[in-house]
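Peer 1: Contents of coords.cif (mmCIF, C-alpha atoms, pLDDT in the B column; chains and numbers go by the auth columns) are below:
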data_protein
#
loop_
_atom_site.group_PDB
_atom_site.id
_atom_site.type_symbol
_atom_site.label_atom_id
_atom_site.label_comp_id
_atom_site.label_asym_id
_atom_site.label_seq_id
_atom_site.Cartn_x
_atom_site.Cartn_y
_atom_site.Cartn_z
_atom_site.B_iso_or_equiv
_atom_site.auth_seq_id
_atom_site.auth_asym_id
ATOM 1 C CA MET A 1 -25.895 -66.884 -40.004 41.00 1 W
ATOM 2 C CA ARG A 2 -27.430 -63.508 -40.710 39.00 2 W
ATOM 3 C CA LEU A 3 -29.280 -64.933 -43.708 37.00 3 W
ATOM 4 C CA ARG A 4 -30.744 -67.721 -41.544 40.00 4 W
ATOM 5 C CA TYR A 5 -31.927 -65.104 -39.002 37.00 5 W
ATOM 6 C CA VAL A 6 -33.628 -63.029 -41.707 34.00 6 W
ATOM 7 C CA PHE A 7 -35.274 -66.124 -43.163 34.00 7 W
ATOM 8 C CA SER A 8 -36.517 -67.237 -39.710 36.00 8 W
ATOM 9 C CA ALA A 9 -37.913 -63.755 -39.008 36.00 9 W
ATOM 10 C CA ALA A 10 -39.713 -63.747 -42.354 36.00 10 W
ATOM 11 C CA LEU A 11 -41.274 -67.117 -41.565 34.00 11 W
ATOM 12 C CA ALA A 12 -42.415 -65.872 -38.169 37.00 12 W
ATOM 13 C CA LEU A 13 -43.979 -62.768 -39.691 34.00 13 W
ATOM 14 C CA GLY A 14 -45.648 -64.835 -42.377 38.00 14 W
ATOM 15 C CA ALA A 15 -47.090 -67.202 -39.773 36.00 15 W
ATOM 16 C CA ALA A 16 -48.355 -64.276 -37.701 37.00 16 W
ATOM 17 C CA SER A 17 -49.929 -62.730 -40.770 34.00 17 W
ATOM 18 C CA ALA A 18 -51.557 -66.019 -41.723 34.00 18 W
ATOM 19 C CA ALA A 19 -52.870 -66.459 -38.177 34.00 19 W
ATOM 20 C CA SER A 20 -54.290 -62.938 -38.252 31.00 20 W
ATOM 21 C CA THR A 21 -55.984 -63.570 -41.609 30.00 21 W
ATOM 22 C CA PHE A 22 -57.378 -66.875 -40.363 27.00 22 W
ATOM 23 C CA ALA A 23 -58.719 -65.219 -37.212 28.00 23 W
ATOM 24 C CA GLU A 24 -60.445 -62.525 -39.274 29.00 24 W
ATOM 25 C CA VAL A 25 -61.992 -65.091 -41.600 28.00 25 W
ATOM 26 C CA THR A 26 -63.157 -67.144 -38.626 27.00 26 W
ATOM 27 C CA VAL A 27 -64.844 -64.109 -37.056 29.00 27 W
ATOM 28 C CA ASP A 28 -66.515 -63.180 -40.367 29.00 28 W
ATOM 29 C CA LYS A 29 -67.792 -66.715 -40.882 34.00 29 W
ATOM 30 C CA SER A 30 -69.216 -66.915 -37.390 33.00 30 W
ATOM 31 C CA ALA A 31 -71.060 -63.582 -37.650 38.00 31 W
ATOM 32 C CA PRO A 32 -74.845 -64.043 -37.442 58.00 32 W
ATOM 33 C CA THR A 33 -76.717 -63.804 -40.737 80.00 33 W
ATOM 34 C CA ALA A 34 -80.068 -62.020 -40.895 90.00 34 W
ATOM 35 C CA ALA A 35 -82.929 -64.187 -42.132 96.00 35 W
ATOM 36 C CA ALA A 36 -84.514 -63.145 -45.426 97.00 36 W
ATOM 37 C CA ILE A 37 -87.942 -61.589 -44.901 98.00 37 W
ATOM 38 C CA THR A 38 -90.413 -61.363 -47.792 98.00 38 W
ATOM 39 C CA VAL A 39 -92.268 -58.032 -47.935 98.00 39 W
ATOM 40 C CA THR A 40 -95.405 -57.690 -50.073 98.00 40 W
ATOM 41 C CA SER A 41 -98.399 -55.406 -50.555 98.00 41 W
ATOM 42 C CA PRO A 42 -101.830 -55.958 -52.125 98.00 42 W
ATOM 43 C CA THR A 43 -101.541 -52.654 -54.003 98.00 43 W
ATOM 44 C CA ILE A 44 -97.795 -52.241 -54.615 98.00 44 W
ATOM 45 C CA LYS A 45 -95.943 -54.656 -56.865 97.00 45 W
ATOM 46 C CA ALA A 46 -92.167 -55.034 -56.845 97.00 46 W
ATOM 47 C CA ASN A 47 -90.404 -52.869 -59.444 97.00 47 W
ATOM 48 C CA GLU A 48 -93.705 -51.498 -60.739 98.00 48 W
ATOM 49 C CA THR A 49 -95.265 -48.027 -60.458 97.00 49 W
ATOM 50 C CA ILE A 50 -96.710 -47.060 -57.074 98.00 50 W
ATOM 51 C CA PRO A 51 -100.468 -46.327 -57.335 98.00 51 W
ATOM 52 C CA VAL A 52 -101.156 -42.602 -57.193 97.00 52 W
ATOM 53 C CA ASP A 53 -103.307 -42.934 -54.044 97.00 53 W
ATOM 54 C CA HIS A 54 -100.132 -43.791 -52.103 97.00 54 W
ATOM 55 C CA THR A 55 -98.360 -40.654 -53.351 97.00 55 W
ATOM 56 C CA ALA A 56 -98.480 -36.933 -52.655 94.00 56 W
ATOM 57 C CA ASP A 57 -100.208 -36.553 -56.035 94.00 57 W
ATOM 58 C CA GLY A 58 -103.169 -38.567 -54.769 95.00 58 W
ATOM 59 C CA LYS A 59 -104.687 -39.398 -51.380 96.00 59 W
ATOM 60 C CA ASN A 60 -101.274 -39.833 -49.726 95.00 60 W
ATOM 61 C CA GLU A 61 -102.459 -43.000 -47.982 97.00 61 W
ATOM 62 C CA SER A 62 -99.982 -45.457 -46.512 97.00 62 W
ATOM 63 C CA PRO A 63 -100.212 -48.873 -48.214 98.00 63 W
ATOM 64 C CA ALA A 64 -101.038 -52.147 -46.564 98.00 64 W
ATOM 65 C CA LEU A 65 -97.906 -54.247 -46.114 98.00 65 W
ATOM 66 C CA ALA A 66 -97.378 -57.891 -45.237 98.00 66 W
ATOM 67 C CA TRP A 67 -94.242 -59.814 -44.346 98.00 67 W
ATOM 68 C CA SER A 68 -93.232 -63.418 -43.835 98.00 68 W
ATOM 69 C CA GLY A 69 -90.117 -65.418 -43.074 98.00 69 W
ATOM 70 C CA ALA A 70 -89.180 -63.673 -39.827 98.00 70 W
ATOM 71 C CA PRO A 71 -87.362 -65.833 -37.249 97.00 71 W
ATOM 72 C CA ALA A 72 -89.544 -67.436 -34.575 96.00 72 W
ATOM 73 C CA ASN A 73 -87.771 -65.471 -31.830 97.00 73 W
ATOM 74 C CA THR A 74 -88.644 -62.066 -33.311 98.00 74 W
ATOM 75 C CA LYS A 75 -89.731 -59.685 -30.534 98.00 75 W
ATOM 76 C CA GLN A 76 -90.255 -56.495 -32.538 98.00 76 W
ATOM 77 C CA PHE A 77 -90.298 -55.190 -36.097 98.00 77 W
ATOM 78 C CA ALA A 78 -89.231 -51.849 -37.508 98.00 78 W
ATOM 79 C CA LEU A 79 -90.029 -50.343 -40.903 98.00 79 W
ATOM 80 C CA VAL A 80 -88.033 -47.751 -42.844 98.00 80 W
ATOM 81 C CA TYR A 81 -89.522 -46.325 -46.047 98.00 81 W
ATOM 82 C CA ASP A 82 -87.058 -44.216 -48.007 97.00 82 W
ATOM 83 C CA ASP A 83 -86.007 -42.939 -51.410 96.00 83 W
ATOM 84 C CA PRO A 84 -82.401 -43.981 -52.103 94.00 84 W
ATOM 85 C CA ASP A 85 -82.355 -41.743 -55.194 94.00 85 W
ATOM 86 C CA VAL A 86 -82.429 -38.657 -52.960 91.00 86 W
ATOM 87 C CA VAL A 87 -79.557 -38.068 -50.550 89.00 87 W
ATOM 88 C CA PHE A 88 -80.186 -35.250 -48.113 79.00 88 W
ATOM 89 C CA GLY A 89 -77.940 -34.409 -45.166 79.00 89 W
ATOM 90 C CA GLY A 90 -75.740 -37.414 -45.904 81.00 90 W
ATOM 91 C CA GLN A 91 -78.561 -39.977 -45.895 87.00 91 W
ATOM 92 C CA THR A 92 -81.316 -41.205 -48.147 93.00 92 W
ATOM 93 C CA PHE A 93 -84.582 -39.328 -47.775 95.00 93 W
ATOM 94 C CA VAL A 94 -87.035 -40.940 -45.340 96.00 94 W
ATOM 95 C CA HIS A 95 -90.758 -40.944 -46.090 96.00 95 W
ATOM 96 C CA TRP A 96 -91.958 -43.041 -43.161 97.00 96 W
ATOM 97 C CA LEU A 97 -90.737 -44.810 -40.044 97.00 97 W
ATOM 98 C CA VAL A 98 -92.704 -47.256 -37.945 98.00 98 W
ATOM 99 C CA TYR A 99 -91.037 -49.073 -35.076 98.00 99 W
ATOM 100 C CA LYS A 100 -91.812 -50.970 -31.901 98.00 100 W
ATOM 101 C CA ILE A 101 -94.160 -53.109 -33.987 98.00 101 W
ATOM 102 C CA PRO A 102 -95.041 -56.242 -31.959 98.00 102 W
ATOM 103 C CA GLY A 103 -93.122 -59.357 -32.976 98.00 103 W
ATOM 104 C CA THR A 104 -96.399 -61.203 -33.605 97.00 104 W
ATOM 105 C CA ALA A 105 -97.510 -58.735 -36.304 98.00 105 W
ATOM 106 C CA LYS A 106 -97.710 -60.008 -39.876 98.00 106 W
ATOM 107 C CA GLY A 107 -97.854 -56.565 -41.485 98.00 107 W
ATOM 108 C CA LEU A 108 -99.434 -53.120 -41.363 98.00 108 W
ATOM 109 C CA PRO A 109 -102.941 -52.162 -42.508 97.00 109 W
ATOM 110 C CA ALA A 110 -103.539 -49.506 -45.134 97.00 110 W
ATOM 111 C CA ASN A 111 -104.136 -45.825 -44.393 96.00 111 W
ATOM 112 C CA LEU A 112 -102.707 -45.595 -40.882 95.00 112 W
ATOM 113 C CA PRO A 113 -103.793 -42.380 -39.139 92.00 113 W
ATOM 114 C CA ILE A 114 -101.412 -39.443 -39.518 85.00 114 W
ATOM 115 C CA ASP A 115 -102.521 -37.881 -36.242 80.00 115 W
ATOM 116 C CA GLN A 116 -101.348 -40.778 -34.040 91.00 116 W
ATOM 117 C CA VAL A 117 -97.688 -41.030 -33.103 97.00 117 W
ATOM 118 C CA THR A 118 -98.254 -44.136 -30.965 97.00 118 W
ATOM 119 C CA LEU A 119 -100.814 -46.326 -32.691 96.00 119 W
ATOM 120 C CA THR A 120 -103.747 -47.579 -30.627 94.00 120 W
ATOM 121 C CA GLY A 121 -105.003 -50.110 -33.140 89.00 121 W
ATOM 122 C CA PRO A 122 -105.652 -52.486 -34.734 94.00 122 W
ATOM 123 C CA PRO A 123 -104.842 -54.693 -31.731 95.00 123 W
ATOM 124 C CA ASP A 124 -102.036 -56.622 -33.463 96.00 124 W
ATOM 125 C CA ILE A 125 -99.994 -53.438 -33.980 97.00 125 W
ATOM 126 C CA ALA A 126 -101.126 -51.419 -30.950 97.00 126 W
ATOM 127 C CA GLY A 127 -98.172 -49.647 -29.347 97.00 127 W
ATOM 128 C CA SER A 128 -96.295 -49.224 -32.632 98.00 128 W
ATOM 129 C CA ILE A 129 -94.706 -45.792 -33.052 98.00 129 W
ATOM 130 C CA GLN A 130 -94.521 -43.624 -36.156 97.00 130 W
ATOM 131 C CA GLY A 131 -91.107 -41.961 -36.133 97.00 131 W
ATOM 132 C CA LEU A 132 -89.815 -38.776 -37.723 95.00 132 W
ATOM 133 C CA SER A 133 -89.626 -38.681 -41.501 93.00 133 W
ATOM 134 C CA GLY A 134 -87.412 -36.401 -43.558 92.00 134 W
ATOM 135 C CA PHE A 135 -90.212 -33.864 -43.209 90.00 135 W
ATOM 136 C CA LYS A 136 -89.534 -33.785 -39.433 91.00 136 W
ATOM 137 C CA ARG A 137 -93.016 -35.135 -38.739 92.00 137 W
ATOM 138 C CA ALA A 138 -94.266 -38.472 -37.439 92.00 138 W
ATOM 139 C CA LEU A 139 -96.420 -39.476 -40.388 91.00 139 W
ATOM 140 C CA TYR A 140 -96.512 -41.183 -43.764 95.00 140 W
ATOM 141 C CA ARG A 141 -95.672 -38.994 -46.737 94.00 141 W
ATOM 142 C CA GLY A 142 -95.809 -40.590 -50.152 95.00 142 W
ATOM 143 C CA PRO A 143 -93.591 -40.030 -53.181 96.00 143 W
ATOM 144 C CA ALA A 144 -93.309 -36.558 -54.708 93.00 144 W
ATOM 145 C CA PRO A 145 -90.093 -36.667 -56.757 94.00 145 W
ATOM 146 C CA PRO A 146 -88.979 -33.907 -59.098 91.00 146 W
ATOM 147 C CA PRO A 147 -90.023 -34.609 -62.713 91.00 147 W
ATOM 148 C CA GLY A 148 -87.623 -36.244 -65.097 87.00 148 W
ATOM 149 C CA LYS A 149 -86.770 -39.751 -63.906 92.00 149 W
ATOM 150 C CA PRO A 150 -88.269 -42.564 -61.837 95.00 150 W
ATOM 151 C CA HIS A 151 -87.275 -42.879 -58.199 96.00 151 W
ATOM 152 C CA HIS A 152 -86.971 -46.236 -56.428 96.00 152 W
ATOM 153 C CA TYR A 153 -88.914 -46.285 -53.160 97.00 153 W
ATOM 154 C CA THR A 154 -87.945 -48.930 -50.612 98.00 154 W
ATOM 155 C CA TRP A 155 -89.937 -50.376 -47.722 98.00 155 W
ATOM 156 C CA THR A 156 -87.421 -52.213 -45.528 98.00 156 W
ATOM 157 C CA VAL A 157 -88.617 -54.406 -42.649 98.00 157 W
ATOM 158 C CA TYR A 158 -86.270 -55.385 -39.819 98.00 158 W
ATOM 159 C CA ALA A 159 -86.935 -58.244 -37.382 98.00 159 W
ATOM 160 C CA LEU A 160 -85.438 -57.654 -33.935 98.00 160 W
ATOM 161 C CA ASP A 161 -84.479 -60.111 -31.217 97.00 161 W
ATOM 162 C CA ALA A 162 -85.508 -57.935 -28.264 97.00 162 W
ATOM 163 C CA GLU A 163 -88.364 -55.778 -27.043 97.00 163 W
ATOM 164 C CA LEU A 164 -86.400 -52.541 -27.159 98.00 164 W
ATOM 165 C CA PRO A 165 -87.585 -49.562 -25.057 97.00 165 W
ATOM 166 C CA LEU A 166 -87.908 -47.281 -28.081 98.00 166 W
ATOM 167 C CA THR A 167 -89.489 -43.893 -27.496 97.00 167 W
ATOM 168 C CA GLU A 168 -91.456 -41.469 -29.633 97.00 168 W
ATOM 169 C CA GLY A 169 -89.662 -38.963 -31.836 96.00 169 W
ATOM 170 C CA LEU A 170 -86.805 -41.081 -33.201 97.00 170 W
ATOM 171 C CA SER A 171 -85.248 -40.236 -36.548 95.00 171 W
ATOM 172 C CA ARG A 172 -84.013 -42.975 -38.890 95.00 172 W
ATOM 173 C CA ASN A 173 -80.405 -42.533 -37.703 95.00 173 W
ATOM 174 C CA GLN A 174 -81.464 -42.788 -34.065 96.00 174 W
ATOM 175 C CA LEU A 175 -83.596 -45.828 -34.807 97.00 175 W
ATOM 176 C CA MET A 176 -80.814 -47.615 -36.677 97.00 176 W
ATOM 177 C CA GLU A 177 -78.394 -46.936 -33.829 97.00 177 W
ATOM 178 C CA ALA A 178 -80.912 -48.289 -31.305 97.00 178 W
ATOM 179 C CA ILE A 179 -81.512 -51.543 -33.199 97.00 179 W
ATOM 180 C CA LYS A 180 -77.855 -52.170 -34.049 97.00 180 W
ATOM 181 C CA GLY A 181 -76.871 -55.672 -32.965 96.00 181 W
ATOM 182 C CA HIS A 182 -80.518 -56.780 -32.691 97.00 182 W
ATOM 183 C CA ILE A 183 -81.392 -57.332 -36.366 98.00 183 W
ATOM 184 C CA ILE A 184 -82.101 -61.019 -36.989 98.00 184 W
ATOM 185 C CA GLY A 185 -84.140 -60.678 -40.177 98.00 185 W
ATOM 186 C CA GLN A 186 -84.462 -58.179 -42.999 98.00 186 W
ATOM 187 C CA GLY A 187 -86.340 -57.777 -46.270 98.00 187 W
ATOM 188 C CA ALA A 188 -87.514 -55.067 -48.637 98.00 188 W
ATOM 189 C CA LEU A 189 -90.115 -54.177 -51.235 98.00 189 W
ATOM 190 C CA VAL A 190 -88.958 -51.770 -53.951 98.00 190 W
ATOM 191 C CA ALA A 191 -91.300 -49.931 -56.327 98.00 191 W
ATOM 192 C CA ILE A 192 -90.983 -46.849 -58.527 97.00 192 W
ATOM 193 C CA TYR A 193 -92.734 -43.543 -59.053 97.00 193 W
ATOM 194 C CA GLU A 194 -92.091 -40.858 -61.634 96.00 194 W
ATOM 195 C CA ARG A 195 -93.542 -37.428 -62.274 91.00 195 W
ATOM 196 C CA LYS A 196 -93.632 -36.446 -65.932 83.00 196 W
ATOM 197 C CA PRO A 197 -92.384 -32.974 -66.928 82.00 197 W
ATOM 198 C CA LYS A 198 -95.278 -30.616 -67.619 74.00 198 W
#
Could you take the file, read its structure, and then write that structure out as structure tokens?

Peer 2:
Amino acid sequence: MRLRYVFSAALALGAASAASTFAEVTVDKSAPTAAAITVTSPTIKANETIPVDHTADGKNESPALAWSGAPANTKQFALVYDDPDVVFGGQTFVHWLVYKIPGTAKGLPANLPIDQVTLTGPPDIAGSIQGLSGFKRALYRGPAPPPGKPHHYTWTVYALDAELPLTEGLSRNQLMEAIKGHIIGQGALVAIYERKPK
């Protein structure tokens, strides 16, 4: 009798465990998947060296970027440009943030002004905001790694499903918290830059 009770209890626990596993799998399978966005640049090629004009060793100009493949219901875009080979304060080092980019935009032009936090033009990106980089300033700052090895710089574009009321002065962590749950598309362009030892 006791053996039958133990066996019945084991079956019940097993069924409960199986139900729990099934429920978790069901939730995971039903989670929305972000569409794949293709990010390109006329001057930066994937996995190749970043031209010096886009670095701190040159003119320090932001590159032109283009993207495609965003969902039709995209309301805003956000861009994070970072160096995953440098971790500072528990996060990868950020070289540039641009957010509140209109959902109709197809990219960003080259050499955006460093003295404008909220961009006034061109018309297709008017209202976009340059957020705080790792330098605590709202501007583009190109690669300037220590000599010795190449660093992998990543431009990540996020498509968002809502026109979020994002304000000036956001850091990357604040931006990522604000867009959590709204990312419906994502893509990245990765290129390298290396300073040779003198």

Peer 1: Can you tell me how far atom CA of W:Asn111 sits from atom CA of W:His54, in Å to one decimal?

Peer 2: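 Distance between the two atoms: 8.9 Å.
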
Peer 1: Mind pulling up the distance from atom CA of W:Asp83 to atom CA of W:His151?

Peer 2: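 Between these atoms lies a distance of 6.9 Å.
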
Peer 1: Expand the PyMOL selection byres ((chain W and resi 59-71) around 7) into the explicit residue set it covers here, and present it as a list in words.

Peer 2: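 Checked against the file, the PyMOL selection byres ((chain W and resi 59-71) around 7) matches Ala35, Ala36, Ile37, Thr38, Val39, Thr40, Ser41, Pro42, Asp53, His54, Thr55, Ala56, Gly58, Ala72, Asn73, Thr74, Lys106, Gly107, Leu108, Pro109, Ala110, Asn111, Leu112, Tyr140, Arg141, Gly142, Ala159 and Gly185 of chain W.
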
Peer 1: Could you state which residues are captured by the PyMOL selection byres ((chain W and resi 131) around 8) in this file, as a ChimeraX atom specification?

Peer 2: /W:96-99,117,129-130,132-133,137-139,168-172

Peer 1: Counting only C-alpha atoms, which residue out of W:Lys149, W:Tyr158, W:Val94, W:Leu119 sits closest to W:Asn173?

Peer 2: W:Val94

Peer 1: Exactly which residues make up the result of the PyMOL selection byres ((chain W and resi 180) around 12) on this file, given as a ChimeraX atom specification?

Peer 2: /W:78,158-162,164,173-179,181-184

Peer 1: Would you mind exporting the chosen residues as an mmCIF file, keeping the file's coordinate frame, restricted to C-alpha atoms?

Peer 2:
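Wrote part-v2.cif, looks like this:
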data_model
loop_
_atom_site.group_PDB
_atom_site.id
_atom_site.type_symbol
_atom_site.label_atom_id
_atom_site.label_comp_id
_atom_site.auth_asym_id
_atom_site.auth_seq_id
_atom_site.Cartn_x
_atom_site.Cartn_y
_atom_site.Cartn_z
ATOM 1 C CA ALA W 78 -89.231 -51.849 -37.508
ATOM 2 C CA TYR W 158 -86.270 -55.385 -39.819
ATOM 3 C CA ALA W 159 -86.935 -58.244 -37.382
ATOM 4 C CA LEU W 160 -85.438 -57.654 -33.935
ATOM 5 C CA ASP W 161 -84.479 -60.111 -31.217
ATOM 6 C CA ALA W 162 -85.508 -57.935 -28.264
ATOM 7 C CA LEU W 164 -86.400 -52.541 -27.159
ATOM 8 C CA ASN W 173 -80.405 -42.533 -37.703
ATOM 9 C CA GLN W 174 -81.464 -42.788 -34.065
ATOM 10 C CA LEU W 175 -83.596 -45.828 -34.807
ATOM 11 C CA MET W 176 -80.814 -47.615 -36.677
ATOM 12 C CA GLU W 177 -78.394 -46.936 -33.829
ATOM 13 C CA ALA W 178 -80.912 -48.289 -31.305
ATOM 14 C CA ILE W 179 -81.512 -51.543 -33.199
ATOM 15 C CA GLY W 181 -76.871 -55.672 -32.965
ATOM 16 C CA HIS W 182 -80.518 -56.780 -32.691
ATOM 17 C CA ILE W 183 -81.392 -57.332 -36.366
ATOM 18 C CA ILE W 184 -82.101 -61.019 -36.989
#

Peer 1: From the list W:Ile125, W:Val86, W:Leu79, W:Ile50, which residue is nearest W:Thr104 when using only C-alpha atoms?

Peer 2: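 Once distances to W:Thr104 are computed over only C-alpha atoms, the minimum belongs to W:Ile125.
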
Peer 1: Measure the distance from atom CA of W:Gln76 to atom CA of W:Ile101 in Å and round it to one decimal.

Peer 2: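 Computed distance, atom CA of W:Gln76 to atom CA of W:Ile101, equals 5.4 Å.
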